[in-house]
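Taking it in order: structure first as structure tokens, then the write-up.
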Amino acid sequence: MSFETTAGLTPSDGWSGRGARLLNRLHARLSGLAPPAVAFVSQPEPRTIGSVARGRQILAGNYMFAGHLVESEAPSLWDVPMPSLAFEQELHGFGWLDDLAAVGDAAARRKAQMWLNDWVRRYGRGRGPAWTPDLTGRRMIRWINHAIFLLHSQSREASAAYFSSLGHQSVFLSRRWKSASPGLPRFEALTGLLYAGLSLQGMDRHVRPAMRAIAAECREQIDAEGGIPTRNPEELLEVFTMLTWSAAGLSEAGQMAARDHVLAIERIAPTLRALRHADGGLARFHGGGRGVTGRLDHALAASGVKIAANAGLSMGYARISAARTSVIVDAAPPPAPAVSYNAHASTLAFELTSGRRPVIVSCGSGLSFGGRWRQAGRATPLHSTLSIDGFSSSRLGARRLIRGIERELLLDAPTDVRARMTRGDEGHALMLAHNGYGRTHGLSHVRRLELSVDGRTLEGEDTLGAMNDADRRRFDLHLNRNGLDKVGFAIRFHIHPDAEAELDLGGRAISIALRSGEVWVFRQTGDGARLGLEGSVYLERGRLKPRETRQVVLRAAVTEYATRVGWTLAKAQDTPSHIRDLERDEMTPI
């Protein structure tokens, strides 16, 4: 299963976008004139992880890609109706090959071999949407990873066509990798090129250029804290995976990765540890999901880096944890506009996980559910933080064509985001603030979070206020201009759909029961807001539609320059500190 992303989309449209596509097609055809590869230098080992359940669904003719389920009895994968370009691109990336290899039986092998051979016949000479650098890199990694699976009992003609196509794609990547967007798409392209150079006879000339290019990308794309410009945790995991795979390939070939390559791995590993919740999943911010099951642990183990999680901010996120409870907060400005095509208005939003069970979450990316859900998922109200009624802490710009697809960049974002972390004998505290509502309302959001040392209680306080004379004048101007006497706001806490929430104590508290048997209780401290339980959604890749869930909402208003609302989220007194969580997670249905 491949990481679903539009990371390859950059602010490039019009003639430049069309020109890139024309050059890709031209070089895809010209590269076929180069001498073909004929064999492997060494027997490659598979590194990608697939899903047996997804593999069986594919074999049954149920194709779930890019948020679309297509049921088809077509004998060839390439005759399946294509409901969207994203669906078609996922097929051409061959991520599904991981799933068929996970099934691993004769029927799965025959399907994989037939579909690959058919791809070579139909698209191998440069036709179709398959010939972009990132898709080609992704495809080559899978072909080489699963070479033993694919070549078993194949005819001499089929094997020759397989190697010839790999050589063709290698030459294409050597000429076109620079046209891939910086970040994950370019790392995928370069990793594919490096794999080819290390594995295929006659392609070793590509190894040194690919090594130098990966090192240069590491210097430019991986910052001193081990973060990437998009601030997407799942994308960081995929970049890290590309780097560990390529370093391992070099090591197995008796070569050393470049110093900048190795240093990037060493910087990223502790950052990913800081972005991992108590249940092992990644925090879901800025378009990222929890990550493919097992990939984070596998990548960290493969890296050999033992450095613990960062103590301060990691890629702009703050993490506090105690016992079996983890809290991760978006504590930095959103990504810069140029790389914000997947960014969310999530400043100061947090997620909380207890043991194996997520409790408070972000709603997630709606990318796989269409444009309206994608836009909705980026708004502040779909995150566990404060939002002014009708406004997000960052605003989306006008729609524009980005490589042929309409997208909005994140503009008018907070310019001043502050975070201070303190640790003491009684617990861990975060003081956070941002000015995302300053220009529109003259208001700033200040949030205090304190997690007890036993991990049983999270105390919070949210303040929305005008902090100086200039802000107060702007606040008054906003009220006068719109004929208002107050500014309404809501503080939202989205609950994971596997948890059950209900009003308690006559509406003065909300109980949240987890499948582990734990019960958490949400209360307001003071009388500054109205407590309620409302509907919400959980946007999760691999499902046909959003999952229904609930959210705790505190509603209040600013009338005299500032309003403060306090709250607590704590385990019920009769909930033990340690619960043996034996409840099995259900398989994700399609």
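The way I read the labels, and the way they are meant: chains A, B, ... in the order of the structure tokens, residue 1 as the first residue of every chain, and ligand 1 as the first ligand shown, with later ones counted on from there.
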
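Excluding Arg273 of chain A and any residue on its chain fewer than 3 positions from it, the residues at most 8 Å away by only C-alpha atoms are Ala269, Pro270, Arg276, Ala308, Ala309 and Asn310 of chain A.
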
Subject >> Residue contacts of Ala196 of chain A (9 Å, only C-alpha atoms) excluding same-chain residues fewer than 4 positions away, as a VMD selection string >> reply: chain A and resid 140 to 141 144 166 to 167 169 to 170 191 to 192 200 to 201 203 to 204 206 to 207

Subject >> Near-segment 479-490 of chain A list (8 Å; only C-alpha atoms; drop same-chain fewer than 5 positions) as number ranges by chain >> reply: A: 386-389, 553-559

**OP:** Using only C-alpha atoms, determine which residues lie at most 9 Å from Val262 of chain A, disregarding the query and same-chain residues fewer than 6 positions distant; provide the list as a ChimeraX atom specification.
**Re:** /A:215,243-244,247

**OP:** DSSP on the backbone, then: every residue of segment 462-537 of chain A marked alpha helix (DSSP H), written as JSON, numbers by chain.
**Re:** {"A": [469, 470, 471, 472, 473, 474, 475, 476, 477, 478, 479, 480, 481, 482]}

Output C-alpha atoms of each residue in that selection to a file, as a short mmCIF file (atom, residue, chain, number, x, y, z; two decimals), in the first residue's frame.
```cif
data_model
loop_
_atom_site.label_atom_id
_atom_site.label_comp_id
_atom_site.auth_asym_id
_atom_site.auth_seq_id
_atom_site.Cartn_x
_atom_site.Cartn_y
_atom_site.Cartn_z
CA ASP A 469 -3.76 48.38 22.89
CA ALA A 470 -3.48 47.85 19.13
CA ASP A 471 -5.32 44.53 19.40
CA ARG A 472 -8.05 46.09 21.52
CA ARG A 473 -8.59 48.83 18.95
CA ARG A 474 -8.83 46.21 16.22
CA PHE A 475 -11.28 44.18 18.32
CA ASP A 476 -13.50 47.23 18.87
CA LEU A 477 -13.34 48.06 15.17
CA HIS A 478 -14.43 44.53 14.28
CA LEU A 479 -17.43 44.73 16.63
CA ASN A 480 -18.48 48.19 15.45
CA ARG A 481 -18.04 47.42 11.76
CA ASN A 482 -20.19 44.27 11.99
#
```

Subject >> Spatial neighbours of Tyr162 of chain A, 10 Å, only C-alpha atoms, chain gap at least 5 places, as a PyMOL selection string >> reply: chain A and resi 36-39+113+116-117+120+124+143+147+150-151+156-157+167-168

Report as a tab-separated table the residues of segment 379-471 of chain A within 10 Å of segment 518-542 of chain A, each with its shortest atom pair and distance in Å (one decimal), using only C-alpha atoms, ordered by chain and increasing residue number.
```
residue	atom	partner	partner_atom	distance
A:Pro381	CA	A:Ser536	CA	9.9
A:Leu382	CA	A:Ser536	CA	8.1
A:Arg456	CA	A:Trp520	CA	8.8
A:Thr457	CA	A:Trp520	CA	9.0
A:Leu458	CA	A:Phe522	CA	9.6
A:Glu459	CA	A:Thr525	CA	9.5
A:Gly460	CA	A:Thr525	CA	9.3
A:Glu461	CA	A:Thr525	CA	9.0
```

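With atom CA of Arg25 of chain A on one side and atom CA of Ser76 of chain A on the other, the separation reads 23.8 Å.
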